[in-house]
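Shown next, in structure tokens, is the structure this report addresses.
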Amino acid sequence: MSKLEFPKGFFWGAGTSSHQVEGGHHNEWTEWEKKNAERLAKEARDENWHDSWRGYGKKERNAAFAKEASNPDNYLSGTACDHWNRYEEDFDILEELHLNTYRFSIEWSKIEPEEGIFDQEAIDHYKKVITSLRHRGIEPFVTLWHFWLPVWIAESGGVLSPEFPDRFARYAERISKEFGDSVTFYVTINEPDIYSSLSFLLGFWPPERKSIFLHFRALGHLKLAHKKAYSAIKAVAPHAKIGITKQFMHFVTLSRSPWNLLLCRFADWWWNTSIVDALKGYQDFIGFNYYQKKIIGKDIRDPEGIEHTDIGWEYDPESIYDALVALKRYDMPIYITENGLADATDRLRGRFITETLTSVHRAISDGADVRGYIHWSLLDNFELDKGFWPRFGLVHVDYKTQQRTIRDSARLYAKIAASDSLEI
Ligand code: BGC
């Protein structure tokens, strides 16, 4: 047995996002859900569903979720986890788990339901949320925009509108004025490239407009929106630490042919570094979301002999090491702002957390400036266009009764967080 000690003051956390947990929303996604729930449920009844983007996996594995996935209600966020009303209960759980950090997003559609009209009650709600966290000694990591737009923005061009960056900066400025000293860490935009890829390049998410040109336009506007928001927040809250969260991937190739090696380098530049480079001077930290590596030159869906999570992603607690070490050259603090897995029965999560943190510890020992680990997610939640069936929570949620049950893996994580160390 050896003991791995984490640096003093390390952030141990869990994350959520507004639309995935709060409930009671009216935004671009709720409109899309209403129009598409029947279609998505019907797709799940197709015998080849497992092979589709939303099925994502092996037939046998998907069989366990087919019933839930073929029910239209699965695709309606509705009351979700009712976190809007139950946040105190959820923060009790954070405390019980010895977590000192909570990443959450605020809901733009609630705060600015109409152009330029800010809802003070909604803002005050989040102020109470932040006060409650602070009283408990928990650091709030506030995401301003996760993936969903107010309806008025969606209807006036969404992120493709040339006005989007200024609209976003105005919202960011207002929020940072309201939150003042109570918030240090802001994530302006969650995974801008995942958003533009899924909404435009692949066209799976609203507004489902598949086009490579729109993808680049969206991404350009999002980068500009971040920069403008960064400056706007700094002007009113100079103490703030601001960044985006970016989903990094470690690219590997099995064949090591010159062509595949070249592709790997290109993919690394295209996916990982080009966006960090583009935001140079406008990030105080790297918000690092990580789920799995990508294998170039091979269909990675279910290669034999590799374990998979419920949604077919590879069980991969090791490559996070390479992805973290590769960021050393930026010389910026790194916060792991998302990492986790869909695992309804909790058969993998405990081991995943231990093994991932072992890799993170190794990366820190080798010079990566990692300051915190925020597990995705605190609660089972509404997994976007896949709906409720994938369960990412440290805490199980019974969506009928809203009862929360802490999973064994969360207890294990709590021990690590309480002692700032890991026994392996
Ligand atoms: C997103 C989360 C999502 C998670 C798992 C991340 O890319 O930020 O909203 O739940 O992936 O799919």
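Convention: chains lettered A, B, ... in structure tokens order; per-chain residue numbering from 1; ligands numbered from 1 as shown.
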Restrict the calculation to only C-alpha atoms and all ligand atoms, then for each residue of chain A with any atom at most 8 Å from an atom of ligand 1 give the closest atom pair and their distance in Å to one decimal, rows by chain and rising residue number, as JSON lines.
{"residue": "A:Thr16", "atom": "CA", "partner": "ligand 1", "partner_atom_place_in_ligand_line": "9 (O)", "distance": 7.6}
{"residue": "A:Ser17", "atom": "CA", "partner": "ligand 1", "partner_atom_place_in_ligand_line": "9 (O)", "distance": 6.5}
{"residue": "A:Gln20", "atom": "CA", "partner": "ligand 1", "partner_atom_place_in_ligand_line": "9 (O)", "distance": 7.3}
{"residue": "A:His146", "atom": "CA", "partner": "ligand 1", "partner_atom_place_in_ligand_line": "8 (O)", "distance": 6.9}
{"residue": "A:Phe147", "atom": "CA", "partner": "ligand 1", "partner_atom_place_in_ligand_line": "9 (O)", "distance": 7.6}
{"residue": "A:Asn190", "atom": "CA", "partner": "ligand 1", "partner_atom_place_in_ligand_line": "8 (O)", "distance": 6.2}
{"residue": "A:Glu191", "atom": "CA", "partner": "ligand 1", "partner_atom_place_in_ligand_line": "8 (O)", "distance": 6.5}
{"residue": "A:Ile194", "atom": "CA", "partner": "ligand 1", "partner_atom_place_in_ligand_line": "7 (O)", "distance": 6.9}
{"residue": "A:Gln247", "atom": "CA", "partner": "ligand 1", "partner_atom_place_in_ligand_line": "7 (O)", "distance": 6.6}
{"residue": "A:Asn289", "atom": "CA", "partner": "ligand 1", "partner_atom_place_in_ligand_line": "7 (O)", "distance": 7.3}
{"residue": "A:Tyr291", "atom": "CA", "partner": "ligand 1", "partner_atom_place_in_ligand_line": "11 (O)", "distance": 7.9}
{"residue": "A:Glu338", "atom": "CA", "partner": "ligand 1", "partner_atom_place_in_ligand_line": "6 (C)", "distance": 7.2}
{"residue": "A:Gly340", "atom": "CA", "partner": "ligand 1", "partner_atom_place_in_ligand_line": "5 (C)", "distance": 7.7}
{"residue": "A:Leu341", "atom": "CA", "partner": "ligand 1", "partner_atom_place_in_ligand_line": "5 (C)", "distance": 7.4}
{"residue": "A:Ala342", "atom": "CA", "partner": "ligand 1", "partner_atom_place_in_ligand_line": "5 (C)", "distance": 7.9}
{"residue": "A:Trp376", "atom": "CA", "partner": "ligand 1", "partner_atom_place_in_ligand_line": "4 (C)", "distance": 7.1}
{"residue": "A:Ser377", "atom": "CA", "partner": "ligand 1", "partner_atom_place_in_ligand_line": "10 (O)", "distance": 7.7}
{"residue": "A:Asn381", "atom": "CA", "partner": "ligand 1", "partner_atom_place_in_ligand_line": "10 (O)", "distance": 7.8}
{"residue": "A:Phe382", "atom": "CA", "partner": "ligand 1", "partner_atom_place_in_ligand_line": "10 (O)", "distance": 7.5}
{"residue": "A:Glu383", "atom": "CA", "partner": "ligand 1", "partner_atom_place_in_ligand_line": "10 (O)", "distance": 5.1}
{"residue": "A:Leu384", "atom": "CA", "partner": "ligand 1", "partner_atom_place_in_ligand_line": "10 (O)", "distance": 6.7}
{"residue": "A:Phe392", "atom": "CA", "partner": "ligand 1", "partner_atom_place_in_ligand_line": "5 (C)", "distance": 7.5}
Output of the above residues as an mmCIF file, in the first residue's frame, restricted to N, CA and C atoms:
data_model
loop_
_atom_site.group_PDB
_atom_site.id
_atom_site.type_symbol
_atom_site.label_atom_id
_atom_site.label_comp_id
_atom_site.auth_asym_id
_atom_site.auth_seq_id
_atom_site.Cartn_x
_atom_site.Cartn_y
_atom_site.Cartn_z
ATOM 1 N N THR A 16 -22.553 20.290 -11.776
ATOM 2 C CA THR A 16 -23.865 20.119 -12.427
ATOM 3 C C THR A 16 -23.993 21.274 -13.433
ATOM 4 N N SER A 17 -25.082 21.276 -14.188
ATOM 5 C CA SER A 17 -25.399 22.473 -14.981
ATOM 6 C C SER A 17 -26.894 22.711 -14.883
ATOM 7 N N GLN A 20 -29.619 20.664 -16.759
ATOM 8 C CA GLN A 20 -29.571 19.234 -16.486
ATOM 9 C C GLN A 20 -30.146 18.878 -15.111
ATOM 10 N N HIS A 146 -23.873 27.149 -20.210
ATOM 11 C CA HIS A 146 -23.458 25.750 -20.407
ATOM 12 C C HIS A 146 -23.763 25.317 -21.848
ATOM 13 N N PHE A 147 -24.997 25.287 -22.281
ATOM 14 C CA PHE A 147 -25.292 24.969 -23.687
ATOM 15 C C PHE A 147 -26.627 25.543 -24.178
ATOM 16 N N ASN A 190 -19.135 26.855 -21.457
ATOM 17 C CA ASN A 190 -18.765 25.447 -21.359
ATOM 18 C C ASN A 190 -18.563 24.857 -22.752
ATOM 19 N N GLU A 191 -17.409 24.285 -22.996
ATOM 20 C CA GLU A 191 -17.103 23.519 -24.195
ATOM 21 C C GLU A 191 -17.646 24.142 -25.485
ATOM 22 N N ILE A 194 -17.585 21.743 -28.438
ATOM 23 C CA ILE A 194 -18.564 20.643 -28.409
ATOM 24 C C ILE A 194 -19.914 21.203 -28.847
ATOM 25 N N GLN A 247 -13.335 20.558 -23.507
ATOM 26 C CA GLN A 247 -13.195 19.096 -23.439
ATOM 27 C C GLN A 247 -11.936 18.692 -24.210
ATOM 28 N N ASN A 289 -12.026 19.607 -19.080
ATOM 29 C CA ASN A 289 -13.023 18.518 -19.028
ATOM 30 C C ASN A 289 -12.411 17.321 -19.744
ATOM 31 N N TYR A 291 -12.955 12.968 -20.659
ATOM 32 C CA TYR A 291 -13.728 11.722 -20.553
ATOM 33 C C TYR A 291 -12.999 10.498 -21.088
ATOM 34 N N GLU A 338 -14.498 18.756 -15.296
ATOM 35 C CA GLU A 338 -15.436 17.642 -15.512
ATOM 36 C C GLU A 338 -14.645 16.374 -15.758
ATOM 37 N N GLY A 340 -15.946 11.966 -15.471
ATOM 38 C CA GLY A 340 -16.870 11.032 -14.835
ATOM 39 C C GLY A 340 -17.347 10.010 -15.838
ATOM 40 N N LEU A 341 -18.416 9.321 -15.496
ATOM 41 C CA LEU A 341 -18.890 8.257 -16.382
ATOM 42 C C LEU A 341 -20.355 7.928 -16.110
ATOM 43 N N ALA A 342 -21.019 7.421 -17.164
ATOM 44 C CA ALA A 342 -22.401 6.957 -16.999
ATOM 45 C C ALA A 342 -22.326 5.520 -16.503
ATOM 46 N N TRP A 376 -17.845 14.918 -12.547
ATOM 47 C CA TRP A 376 -19.139 15.058 -13.218
ATOM 48 C C TRP A 376 -19.884 13.748 -13.036
ATOM 49 N N SER A 377 -20.943 13.750 -12.285
ATOM 50 C CA SER A 377 -21.691 14.886 -11.810
ATOM 51 C C SER A 377 -22.073 14.628 -10.351
ATOM 52 N N ASN A 381 -28.627 13.084 -13.846
ATOM 53 C CA ASN A 381 -29.315 14.260 -14.390
ATOM 54 C C ASN A 381 -29.760 14.038 -15.831
ATOM 55 N N PHE A 382 -30.259 15.113 -16.415
ATOM 56 C CA PHE A 382 -30.803 15.073 -17.770
ATOM 57 C C PHE A 382 -29.643 15.174 -18.751
ATOM 58 N N GLU A 383 -29.286 14.024 -19.344
ATOM 59 C CA GLU A 383 -28.088 13.963 -20.182
ATOM 60 C C GLU A 383 -28.427 14.425 -21.618
ATOM 61 N N LEU A 384 -28.834 15.691 -21.705
ATOM 62 C CA LEU A 384 -29.010 16.354 -22.997
ATOM 63 C C LEU A 384 -29.918 15.555 -23.935
ATOM 64 N N PHE A 392 -24.910 9.679 -14.515
ATOM 65 C CA PHE A 392 -23.537 10.134 -14.241
ATOM 66 C C PHE A 392 -23.321 10.504 -12.770
#
So which residues of region 327-385 of chain A fall under strand (DSSP E) by DSSP, listed as JSON, numbers by chain?
-> {"A": [334, 335, 336, 337, 338, 370, 371, 372, 373, 374, 375, 376]}
Written file, previous selection with all heavy atoms, as an mmCIF file, in the first residue's frame:
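See again13.cif below for the written result:
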data_model
loop_
_atom_site.group_PDB
_atom_site.id
_atom_site.type_symbol
_atom_site.label_atom_id
_atom_site.label_comp_id
_atom_site.auth_asym_id
_atom_site.auth_seq_id
_atom_site.Cartn_x
_atom_site.Cartn_y
_atom_site.Cartn_z
ATOM 1 N N ILE A 334 -4.384 24.477 -13.839
ATOM 2 C CA ILE A 334 -5.401 23.630 -14.478
ATOM 3 C C ILE A 334 -6.405 23.178 -13.407
ATOM 4 O O ILE A 334 -5.998 22.699 -12.346
ATOM 5 C CB ILE A 334 -4.751 22.364 -15.091
ATOM 6 C CG1 ILE A 334 -3.680 22.747 -16.116
ATOM 7 C CG2 ILE A 334 -5.806 21.446 -15.716
ATOM 8 C CD1 ILE A 334 -2.810 21.554 -16.566
ATOM 9 N N TYR A 335 -7.661 23.355 -13.700
ATOM 10 C CA TYR A 335 -8.703 22.775 -12.847
ATOM 11 C C TYR A 335 -9.433 21.729 -13.667
ATOM 12 O O TYR A 335 -9.893 22.039 -14.779
ATOM 13 C CB TYR A 335 -9.696 23.850 -12.383
ATOM 14 C CG TYR A 335 -9.056 24.840 -11.434
ATOM 15 C CD1 TYR A 335 -8.466 26.005 -11.913
ATOM 16 C CD2 TYR A 335 -9.005 24.585 -10.065
ATOM 17 C CE1 TYR A 335 -7.837 26.898 -11.059
ATOM 18 C CE2 TYR A 335 -8.376 25.476 -9.192
ATOM 19 C CZ TYR A 335 -7.798 26.626 -9.702
ATOM 20 O OH TYR A 335 -7.174 27.511 -8.853
ATOM 21 N N ILE A 336 -9.498 20.517 -13.160
ATOM 22 C CA ILE A 336 -10.282 19.489 -13.859
ATOM 23 C C ILE A 336 -11.741 19.802 -13.530
ATOM 24 O O ILE A 336 -12.192 19.618 -12.399
ATOM 25 C CB ILE A 336 -9.867 18.075 -13.403
ATOM 26 C CG1 ILE A 336 -8.389 17.863 -13.723
ATOM 27 C CG2 ILE A 336 -10.747 17.001 -14.078
ATOM 28 C CD1 ILE A 336 -7.786 16.606 -13.131
ATOM 29 N N THR A 337 -12.421 20.332 -14.524
ATOM 30 C CA THR A 337 -13.763 20.859 -14.268
ATOM 31 C C THR A 337 -14.860 19.846 -14.590
ATOM 32 O O THR A 337 -16.021 20.064 -14.245
ATOM 33 C CB THR A 337 -13.971 22.160 -15.080
ATOM 34 O OG1 THR A 337 -13.296 22.026 -16.346
ATOM 35 C CG2 THR A 337 -13.395 23.350 -14.349
ATOM 36 N N GLU A 338 -14.498 18.756 -15.296
ATOM 37 C CA GLU A 338 -15.436 17.642 -15.512
ATOM 38 C C GLU A 338 -14.645 16.374 -15.758
ATOM 39 O O GLU A 338 -13.655 16.400 -16.501
ATOM 40 C CB GLU A 338 -16.307 17.854 -16.759
ATOM 41 C CG GLU A 338 -17.532 18.670 -16.543
ATOM 42 C CD GLU A 338 -18.427 18.742 -17.789
ATOM 43 O OE1 GLU A 338 -18.580 17.730 -18.504
ATOM 44 O OE2 GLU A 338 -18.960 19.837 -18.026
ATOM 45 N N VAL A 370 -2.023 21.016 -11.607
ATOM 46 C CA VAL A 370 -3.452 20.728 -11.408
ATOM 47 C C VAL A 370 -3.841 21.168 -10.002
ATOM 48 O O VAL A 370 -3.254 20.725 -9.020
ATOM 49 C CB VAL A 370 -3.749 19.220 -11.590
ATOM 50 C CG1 VAL A 370 -5.246 18.956 -11.465
ATOM 51 C CG2 VAL A 370 -3.223 18.729 -12.933
ATOM 52 N N ARG A 371 -4.873 22.021 -9.946
ATOM 53 C CA ARG A 371 -5.261 22.590 -8.638
ATOM 54 C C ARG A 371 -6.558 22.004 -8.082
ATOM 55 O O ARG A 371 -6.943 22.334 -6.964
ATOM 56 C CB ARG A 371 -5.455 24.102 -8.779
ATOM 57 C CG ARG A 371 -4.310 24.829 -9.444
ATOM 58 C CD ARG A 371 -3.347 25.388 -8.423
ATOM 59 N NE ARG A 371 -2.226 26.057 -9.052
ATOM 60 C CZ ARG A 371 -2.069 27.394 -9.088
ATOM 61 N NH1 ARG A 371 -2.981 28.187 -8.571
ATOM 62 N NH2 ARG A 371 -0.991 27.912 -9.650
ATOM 63 N N GLY A 372 -7.268 21.217 -8.896
ATOM 64 C CA GLY A 372 -8.529 20.703 -8.373
ATOM 65 C C GLY A 372 -9.139 19.658 -9.289
ATOM 66 O O GLY A 372 -8.754 19.536 -10.464
ATOM 67 N N TYR A 373 -10.069 18.903 -8.714
ATOM 68 C CA TYR A 373 -10.758 17.841 -9.456
ATOM 69 C C TYR A 373 -12.250 17.964 -9.157
ATOM 70 O O TYR A 373 -12.679 17.858 -8.007
ATOM 71 C CB TYR A 373 -10.230 16.468 -9.005
ATOM 72 C CG TYR A 373 -10.986 15.308 -9.627
ATOM 73 C CD1 TYR A 373 -10.670 14.856 -10.907
ATOM 74 C CD2 TYR A 373 -12.029 14.671 -8.936
ATOM 75 C CE1 TYR A 373 -11.371 13.802 -11.485
ATOM 76 C CE2 TYR A 373 -12.733 13.618 -9.511
ATOM 77 C CZ TYR A 373 -12.394 13.187 -10.784
ATOM 78 O OH TYR A 373 -13.084 12.154 -11.362
ATOM 79 N N ILE A 374 -13.029 18.204 -10.202
ATOM 80 C CA ILE A 374 -14.482 18.349 -10.021
ATOM 81 C C ILE A 374 -15.156 17.215 -10.788
ATOM 82 O O ILE A 374 -15.110 17.184 -12.020
ATOM 83 C CB ILE A 374 -14.955 19.735 -10.528
ATOM 84 C CG1 ILE A 374 -14.237 20.862 -9.756
ATOM 85 C CG2 ILE A 374 -16.470 19.867 -10.390
ATOM 86 C CD1 ILE A 374 -14.558 22.276 -10.228
ATOM 87 N N HIS A 375 -15.730 16.295 -10.059
ATOM 88 C CA HIS A 375 -16.313 15.119 -10.703
ATOM 89 C C HIS A 375 -17.638 15.485 -11.370
ATOM 90 O O HIS A 375 -18.421 16.258 -10.834
ATOM 91 C CB HIS A 375 -16.538 14.019 -9.648
ATOM 92 C CG HIS A 375 -16.916 12.707 -10.245
ATOM 93 N ND1 HIS A 375 -15.974 11.813 -10.706
ATOM 94 C CD2 HIS A 375 -18.129 12.148 -10.497
ATOM 95 C CE1 HIS A 375 -16.594 10.754 -11.206
ATOM 96 N NE2 HIS A 375 -17.901 10.942 -11.095
ATOM 97 N N TRP A 376 -17.845 14.918 -12.547
ATOM 98 C CA TRP A 376 -19.139 15.058 -13.218
ATOM 99 C C TRP A 376 -19.884 13.748 -13.036
ATOM 100 O O TRP A 376 -19.434 12.743 -13.550
ATOM 101 C CB TRP A 376 -18.958 15.357 -14.714
ATOM 102 C CG TRP A 376 -20.295 15.621 -15.350
ATOM 103 C CD1 TRP A 376 -21.118 14.718 -15.951
ATOM 104 C CD2 TRP A 376 -20.977 16.882 -15.401
ATOM 105 N NE1 TRP A 376 -22.263 15.324 -16.367
ATOM 106 C CE2 TRP A 376 -22.205 16.649 -16.038
ATOM 107 C CE3 TRP A 376 -20.669 18.173 -14.941
ATOM 108 C CZ2 TRP A 376 -23.138 17.666 -16.256
ATOM 109 C CZ3 TRP A 376 -21.603 19.179 -15.165
ATOM 110 C CH2 TRP A 376 -22.810 18.922 -15.810
#
Which of region 318-401 of chain A counts as alpha helix (DSSP H) under DSSP, as a PyMOL selection string please?
-> chain A and resi 320-325+349-365
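Of the residues under consideration (A:Gly15, A:Pro150, A:Pro162, A:Gly78), A:Gly15 shows the shortest atom-to-atom contact distance to Ser105 (chain A) when counting only C-alpha atoms.
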Which is closer to Asn85 (chain A) than all the others in A:Gln402, A:Ile353, A:His135, A:Trp148, using only C-alpha atoms?
-> A:Gln402
